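As provided, input.csv (CSV, N, CA and C atoms) reads as follows.
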chain,number,residue,atom,x,y,z
A,1,MET,N,26.3,-46.5,-8.1
A,1,MET,CA,26.0,-45.1,-8.0
A,1,MET,C,24.6,-44.8,-8.6
A,2,LYS,N,24.4,-45.4,-9.8
A,2,LYS,CA,23.2,-45.2,-10.5
A,2,LYS,C,22.0,-45.7,-9.8
A,3,LYS,N,22.2,-46.9,-9.1
A,3,LYS,CA,21.2,-47.5,-8.3
A,3,LYS,C,20.8,-46.6,-7.1
A,4,THR,N,21.8,-46.0,-6.5
A,4,THR,CA,21.6,-45.1,-5.3
A,4,THR,C,20.8,-43.9,-5.7
A,5,LEU,N,21.1,-43.3,-6.9
A,5,LEU,CA,20.4,-42.1,-7.3
A,5,LEU,C,18.9,-42.5,-7.7
A,6,MET,N,18.7,-43.7,-8.3
A,6,MET,CA,17.4,-44.1,-8.6
A,6,MET,C,16.6,-44.3,-7.3
A,7,GLN,N,17.2,-44.9,-6.3
A,7,GLN,CA,16.5,-45.2,-5.0
A,7,GLN,C,16.1,-43.8,-4.4
A,8,ALA,N,17.0,-42.9,-4.4
A,8,ALA,CA,16.8,-41.5,-3.8
A,8,ALA,C,15.6,-40.9,-4.6
A,9,PHE,N,15.6,-41.0,-5.9
A,9,PHE,CA,14.6,-40.3,-6.7
A,9,PHE,C,13.2,-41.0,-6.4
A,10,LEU,N,13.2,-42.3,-6.3
A,10,LEU,CA,11.9,-43.0,-6.0
A,10,LEU,C,11.4,-42.7,-4.6
A,11,PHE,N,12.3,-42.6,-3.6
A,11,PHE,CA,12.0,-42.3,-2.3
A,11,PHE,C,11.4,-40.9,-2.2
A,12,THR,N,12.0,-39.9,-2.9
A,12,THR,CA,11.5,-38.5,-2.9
A,12,THR,C,10.2,-38.5,-3.6
A,13,LEU,N,10.0,-39.2,-4.7
A,13,LEU,CA,8.7,-39.2,-5.4
A,13,LEU,C,7.6,-39.8,-4.5
A,14,LEU,N,7.9,-40.9,-3.8
A,14,LEU,CA,7.0,-41.5,-2.9
A,14,LEU,C,6.6,-40.5,-1.7
A,15,ALA,N,7.6,-39.8,-1.2
A,15,ALA,CA,7.4,-38.9,0.0
A,15,ALA,C,6.5,-37.7,-0.5
A,16,VAL,N,6.8,-37.2,-1.7
A,16,VAL,CA,6.0,-36.1,-2.2
A,16,VAL,C,4.5,-36.5,-2.4
A,17,ASN,N,4.3,-37.7,-3.0
A,17,ASN,CA,3.0,-38.1,-3.2
A,17,ASN,C,2.2,-38.4,-1.9
A,18,LEU,N,2.9,-38.9,-0.9
A,18,LEU,CA,2.3,-39.2,0.4
A,18,LEU,C,1.9,-37.8,1.0
A,19,MET,N,2.7,-36.8,0.9
A,19,MET,CA,2.4,-35.5,1.5
A,19,MET,C,1.2,-34.9,0.8
A,20,LEU,N,1.2,-35.0,-0.5
A,20,LEU,CA,0.0,-34.4,-1.3
A,20,LEU,C,-1.2,-35.2,-0.9
A,21,GLY,N,-1.2,-36.5,-0.8
A,21,GLY,CA,-2.3,-37.2,-0.4
A,21,GLY,C,-2.8,-36.9,0.9
A,22,GLY,N,-1.9,-36.6,1.9
A,22,GLY,CA,-2.3,-36.2,3.2
A,22,GLY,C,-2.9,-34.9,3.2
A,23,LEU,N,-2.4,-33.9,2.4
A,23,LEU,CA,-3.1,-32.6,2.3
A,23,LEU,C,-4.5,-32.7,1.7
A,24,LEU,N,-4.7,-33.5,0.7
A,24,LEU,CA,-6.0,-33.7,0.1
A,24,LEU,C,-7.0,-34.3,1.1
A,25,LEU,N,-6.5,-35.3,1.8
A,25,LEU,CA,-7.3,-36.0,2.8
A,25,LEU,C,-7.7,-35.0,4.0
A,26,ALA,N,-6.7,-34.2,4.4
A,26,ALA,CA,-7.0,-33.3,5.5
A,26,ALA,C,-8.0,-32.2,5.1
A,27,LYS,N,-7.9,-31.8,3.8
A,27,LYS,CA,-8.7,-30.7,3.3
A,27,LYS,C,-10.2,-31.1,3.4
A,28,LYS,N,-10.5,-32.4,3.1
A,28,LYS,CA,-11.8,-32.9,3.1
A,28,LYS,C,-12.3,-33.2,4.5
A,29,GLN,N,-11.5,-33.4,5.5
A,29,GLN,CA,-11.9,-33.8,6.8
A,29,GLN,C,-12.1,-32.5,7.7
A,30,ILE,N,-11.4,-31.4,7.4
A,30,ILE,CA,-11.5,-30.2,8.2
A,30,ILE,C,-12.6,-29.4,7.6
A,31,PRO,N,-13.7,-29.1,8.4
A,31,PRO,CA,-14.8,-28.3,7.8
A,31,PRO,C,-14.4,-26.8,7.8
A,32,SER,N,-14.7,-26.2,6.7
A,32,SER,CA,-14.5,-24.7,6.6
A,32,SER,C,-15.8,-24.0,6.9
A,33,GLU,N,-15.7,-22.9,7.6
A,33,GLU,CA,-16.8,-22.1,8.0
A,33,GLU,C,-17.4,-21.3,6.7
A,34,LYS,N,-18.7,-21.3,6.6
A,34,LYS,CA,-19.3,-20.6,5.5
A,34,LYS,C,-19.4,-19.1,5.9
A,35,ALA,N,-19.2,-18.3,4.9
A,35,ALA,CA,-19.4,-16.8,5.1
A,35,ALA,C,-20.8,-16.4,5.3
A,36,VAL,N,-21.0,-15.6,6.3
A,36,VAL,CA,-22.4,-15.2,6.7
A,36,VAL,C,-22.4,-13.7,6.5
A,37,PRO,N,-23.5,-13.2,5.8
A,37,PRO,CA,-23.6,-11.7,5.6
A,37,PRO,C,-23.8,-11.0,6.9
A,38,SER,N,-23.2,-9.8,7.0
A,38,SER,CA,-23.3,-9.0,8.3
A,38,SER,C,-24.5,-8.1,8.1
A,39,PHE,N,-25.3,-8.0,9.2
A,39,PHE,CA,-26.4,-7.1,9.2
A,39,PHE,C,-26.1,-5.8,10.0
A,40,ALA,N,-24.9,-5.8,10.6
A,40,ALA,CA,-24.5,-4.6,11.4
A,40,ALA,C,-24.2,-3.4,10.5
A,41,LYS,N,-24.6,-2.3,11.0
A,41,LYS,CA,-24.3,-1.0,10.3
A,41,LYS,C,-22.9,-0.5,10.6
A,42,SER,N,-22.3,0.2,9.7
A,42,SER,CA,-21.0,0.7,9.9
A,42,SER,C,-21.0,1.8,11.1
A,43,SER,N,-20.1,1.7,12.0
A,43,SER,CA,-20.1,2.6,13.1
A,43,SER,C,-19.5,3.9,12.7
A,44,GLU,N,-18.7,4.0,11.6
A,44,GLU,CA,-18.1,5.3,11.2
A,44,GLU,C,-18.7,5.6,9.8
A,45,PRO,N,-19.0,6.9,9.6
A,45,PRO,CA,-19.5,7.3,8.3
A,45,PRO,C,-18.4,7.0,7.2
A,46,HIS,N,-18.8,6.9,6.0
A,46,HIS,CA,-17.9,6.6,4.9
A,46,HIS,C,-17.0,7.9,4.7
A,47,LEU,N,-15.8,7.8,4.9
A,47,LEU,CA,-14.8,8.9,4.8
A,47,LEU,C,-13.8,8.5,3.7
A,48,GLN,N,-13.3,9.5,3.0
A,48,GLN,CA,-12.3,9.3,2.0
A,48,GLN,C,-11.1,10.2,2.4
A,49,ILE,N,-9.9,9.7,2.4
A,49,ILE,CA,-8.7,10.4,2.7
A,49,ILE,C,-7.9,10.7,1.5
A,50,GLY,N,-7.5,11.9,1.3
A,50,GLY,CA,-6.7,12.3,0.2
A,50,GLY,C,-5.5,13.2,0.6
A,51,TYR,N,-4.5,13.3,-0.2
A,51,TYR,CA,-3.3,14.1,0.1
A,51,TYR,C,-3.2,15.2,-0.9
A,52,THR,N,-2.8,16.4,-0.5
A,52,THR,CA,-2.6,17.5,-1.4
A,52,THR,C,-1.4,18.3,-1.0
A,53,TRP,N,-0.7,18.9,-2.0
A,53,TRP,CA,0.4,19.8,-1.7
A,53,TRP,C,0.0,21.2,-1.8
A,54,GLU,N,0.4,22.1,-0.9
A,54,GLU,CA,0.1,23.5,-1.0
A,54,GLU,C,1.3,24.4,-0.8
A,55,LEU,N,1.4,25.4,-1.6
A,55,LEU,CA,2.5,26.3,-1.6
A,55,LEU,C,2.4,27.1,-0.3
A,56,TYR,N,3.5,27.2,0.5
A,56,TYR,CA,3.5,28.0,1.7
A,56,TYR,C,4.5,29.1,1.7
A,57,LYS,N,5.5,29.0,0.8
A,57,LYS,CA,6.5,30.0,0.8
A,57,LYS,C,7.2,30.0,-0.6
A,58,ALA,N,7.6,31.2,-1.1
A,58,ALA,CA,8.3,31.3,-2.3
A,58,ALA,C,9.5,32.3,-2.0
A,59,SER,N,10.7,32.0,-2.5
A,59,SER,CA,11.8,32.8,-2.2
A,59,SER,C,12.7,32.8,-3.5
A,60,ILE,N,13.6,33.8,-3.5
A,60,ILE,CA,14.6,33.9,-4.5
A,60,ILE,C,15.9,33.6,-3.9
A,61,GLU,N,16.6,32.6,-4.4
A,61,GLU,CA,17.9,32.1,-3.9
A,61,GLU,C,18.8,32.1,-5.1
A,62,GLY,N,19.6,33.2,-5.2
A,62,GLY,CA,20.6,33.3,-6.3
A,62,GLY,C,19.8,33.4,-7.6
A,63,PRO,N,20.2,32.5,-8.6
A,63,PRO,CA,19.5,32.6,-9.9
A,63,PRO,C,18.2,31.8,-9.9
A,64,TYR,N,17.8,31.3,-8.8
A,64,TYR,CA,16.6,30.5,-8.8
A,64,TYR,C,15.4,31.1,-8.1
A,65,LEU,N,14.2,30.8,-8.5
A,65,LEU,CA,13.0,31.1,-7.8
A,65,LEU,C,12.6,29.8,-7.2
A,66,VAL,N,12.5,29.7,-5.8
A,66,VAL,CA,12.2,28.5,-5.1
A,66,VAL,C,10.9,28.5,-4.5
A,67,GLU,N,10.0,27.5,-4.8
A,67,GLU,CA,8.7,27.4,-4.2
A,67,GLU,C,8.7,26.2,-3.2
A,68,HIS,N,8.3,26.5,-2.0
A,68,HIS,CA,8.2,25.5,-0.9
A,68,HIS,C,6.8,25.0,-0.7
A,69,TYR,N,6.6,23.7,-0.7
A,69,TYR,CA,5.3,23.1,-0.5
A,69,TYR,C,5.2,22.2,0.7
A,70,LYS,N,4.0,22.2,1.3
A,70,LYS,CA,3.8,21.3,2.5
A,70,LYS,C,2.6,20.3,2.0
A,71,GLU,N,2.7,19.1,2.5
A,71,GLU,CA,1.7,18.1,2.2
A,71,GLU,C,0.6,18.1,3.3
A,72,TYR,N,-0.6,18.0,2.9
A,72,TYR,CA,-1.7,18.0,3.9
A,72,TYR,C,-2.6,16.8,3.6
A,73,GLU,N,-3.1,16.2,4.7
A,73,GLU,CA,-4.0,15.0,4.7
A,73,GLU,C,-5.4,15.6,4.8
A,74,CYS,N,-6.2,15.4,3.8
A,74,CYS,CA,-7.6,15.9,3.8
A,74,CYS,C,-8.6,14.8,3.9
A,75,THR,N,-9.6,15.0,4.8
A,75,THR,CA,-10.6,14.0,4.9
A,75,THR,C,-11.9,14.5,4.4
A,76,TYR,N,-12.5,13.7,3.5
A,76,TYR,CA,-13.8,14.1,2.8
A,76,TYR,C,-14.9,13.2,3.3
A,77,ASN,N,-16.1,13.8,3.3
A,77,ASN,CA,-17.3,12.9,3.6
A,77,ASN,C,-17.8,12.2,2.3
A,78,LYS,N,-18.9,11.5,2.5
A,78,LYS,CA,-19.4,10.8,1.3
A,78,LYS,C,-19.8,11.6,0.1
A,79,SER,N,-20.2,12.8,0.4
A,79,SER,CA,-20.6,13.7,-0.7
A,79,SER,C,-19.4,14.6,-1.2
A,80,GLY,N,-18.2,14.4,-0.7
A,80,GLY,CA,-17.0,15.1,-1.2
A,80,GLY,C,-16.7,16.4,-0.5
A,81,HIS,N,-17.4,16.7,0.5
A,81,HIS,CA,-17.1,17.9,1.3
A,81,HIS,C,-15.9,17.7,2.2
A,82,LEU,N,-15.0,18.7,2.3
A,82,LEU,CA,-13.9,18.7,3.2
A,82,LEU,C,-14.3,18.7,4.6
A,83,ILE,N,-13.9,17.7,5.4
A,83,ILE,CA,-14.2,17.6,6.8
A,83,ILE,C,-13.0,18.1,7.7
A,84,SER,N,-11.8,17.6,7.4
A,84,SER,CA,-10.7,18.1,8.1
A,84,SER,C,-9.5,18.1,7.2
A,85,LYS,N,-8.5,18.9,7.7
A,85,LYS,CA,-7.3,19.1,6.9
A,85,LYS,C,-6.1,19.2,7.9
A,86,ARG,N,-5.2,18.3,7.9
A,86,ARG,CA,-4.1,18.5,8.8
A,86,ARG,C,-2.7,18.3,8.1
A,87,PRO,N,-1.7,19.0,8.5
A,87,PRO,CA,-0.4,18.9,7.8
A,87,PRO,C,0.3,17.6,8.2
A,88,THR,N,1.0,17.1,7.2
A,88,THR,CA,1.9,15.9,7.5
A,88,THR,C,3.3,16.4,7.7
A,89,ASN,N,4.2,15.6,7.9
A,89,ASN,CA,5.6,16.0,8.1
A,89,ASN,C,6.4,16.2,6.8
A,90,GLU,N,5.7,16.0,5.6
A,90,GLU,CA,6.4,16.0,4.3
A,90,GLU,C,6.4,17.4,3.8
A,91,GLU,N,7.6,17.8,3.3
A,91,GLU,CA,7.8,19.1,2.6
A,91,GLU,C,8.6,18.8,1.4
A,92,THR,N,8.5,19.7,0.4
A,92,THR,CA,9.3,19.6,-0.8
A,92,THR,C,9.4,21.0,-1.4
A,93,TYR,N,10.2,21.1,-2.4
A,93,TYR,CA,10.4,22.4,-3.1
A,93,TYR,C,10.6,22.2,-4.6
A,94,LEU,N,10.4,23.2,-5.3
A,94,LEU,CA,10.6,23.3,-6.8
A,94,LEU,C,11.5,24.5,-7.0
A,95,ARG,N,12.6,24.3,-7.8
A,95,ARG,CA,13.4,25.4,-8.2
A,95,ARG,C,13.2,25.7,-9.7
A,96,TYR,N,13.1,27.0,-10.0
A,96,TYR,CA,13.0,27.5,-11.3
A,96,TYR,C,14.1,28.4,-11.6
A,97,TRP,N,14.8,28.2,-12.8
A,97,TRP,CA,15.8,29.1,-13.2
A,97,TRP,C,15.2,30.3,-13.7
A,98,ARG,N,15.8,31.4,-13.3
A,98,ARG,CA,15.3,32.8,-13.8
A,98,ARG,C,16.1,33.2,-14.9
A,99,GLU,N,15.5,33.6,-16.0
A,99,GLU,CA,16.2,34.0,-17.2
A,99,GLU,C,17.2,35.1,-17.0
A,100,ASN,N,16.8,36.2,-16.5
A,100,ASN,CA,17.6,37.4,-16.2
A,100,ASN,C,17.6,37.7,-14.8
A,101,PRO,N,18.4,37.0,-14.0
A,101,PRO,CA,18.4,37.4,-12.5
A,101,PRO,C,19.0,38.7,-12.3
A,102,SER,N,18.3,39.5,-11.5
A,102,SER,CA,18.8,40.9,-11.2
A,102,SER,C,19.7,40.7,-10.0
A,103,PRO,N,20.7,41.5,-9.8
A,103,PRO,CA,21.6,41.4,-8.7
A,103,PRO,C,21.0,41.8,-7.4
Write-out of the structure in structure tokens:
Amino acid sequence: MKKTLMQAFLFTLLAVNLMLGGLLLAKKQIPSEKAVPSFAKSSEPHLQIGYTWELYKASIEGPYLVEHYKEYECTYNKSGHLISKRPTNEETYLRYWRENPSP
């Protein structure tokens, strides 16, 4: 049994070394392309996209004041001016407990 385990270990060690040697040999024989700088200009201006939440509704629900917010995707140009603003499908709300809720 000990001899069988030793043979299996040696066979595995030999196989791993042959595979590593093959990878090293193949790496040297396959030419890799050099990176070339691009002289093409960007077809789109540099734009930055940001997301913001805006309050669109506030309501009183029982003892809570509830503020409802919508998320908007804002696109800004290179100098930081807002170009476009469109709503996303995301909405959320915040609930505040009112100290003395009136009936």
Expected answer as number ranges by chain: helix (DSSP H, G or I) residues in chain A: A: 2-29
Within 6.5 Å of Trp97 (chain A) using all atoms listed in the file, minus same-chain residues under 4 positions, as a list in words: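 Everything that qualifies: Pro63, Tyr64 and Leu65 of chain A.
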CA of His68 (chain A) to CA of Glu91 (chain A), straight-line distance in Å: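 According to the coordinates, CA of Glu91 (chain A) and CA of His68 (chain A) are separated by 7.3 Å.
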Which residue of A:Leu13, A:Tyr72, A:Gly22, A:Pro45 approaches Ser84 (chain A) most closely, using only N, CA and C atoms: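 Ranked by minimum distance to Ser84 (chain A), first place goes to A:Tyr72.
Nearest residue to Gly62 (chain A), choosing from A:Gln7, A:Arg98, A:Gly80, A:Ser32 and counting all atoms listed in the file: A:Arg98.
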Pick from A:Ala58, A:Asn77, A:Asn100, A:Gln29, whichever lies nearest to His46 (chain A) using all atoms listed in the file: A:Asn77
Atom C of Arg86 (chain A) to atom N of Gln48 (chain A), distance in Å rounded to a single decimal: 14.7 Å
Atom-to-atom span, atom C of Thr88 (chain A) and atom N of Glu61 (chain A), Å: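 Separating atom C of Thr88 (chain A) from atom N of Glu61 (chain A) is a distance of 24.2 Å.
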All strand (DSSP E or B) positions in chain A, as a ChimeraX atom specification: /A:48-61,64-76,82-97
Nearest residue to Gly50 (chain A) from the set A:Leu14, A:Cys74, A:Leu94, A:Leu82 (distances using only N, CA and C atoms): A:Cys74
Nearest-residue call for Asn89 (chain A), choices A:Thr75, A:Val66, A:Trp53, A:Pro37, using only C-alpha atoms: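 Among the listed residues, the smallest separation from Asn89 (chain A) belongs to A:Trp53.
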Give, as lines of an AutoDock Vina configuration file, the centre coordinates and the x, y and z edge lengths in Å to one decimal for an axis-aligned box around all listed atoms of region 95-101 of chain A, padded by 6 Å on each side.
center_x = 15.8
center_y = 31.5
center_z = -12.5
size_x = 18.4
size_y = 26.4
size_z = 21.4
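Minimum atom-to-atom distances from A:Leu24, A:Leu55, A:Ala15, A:Pro31 to Glu67 (chain A) were compared using only C-alpha atoms, and the lowest value belongs to A:Leu55.
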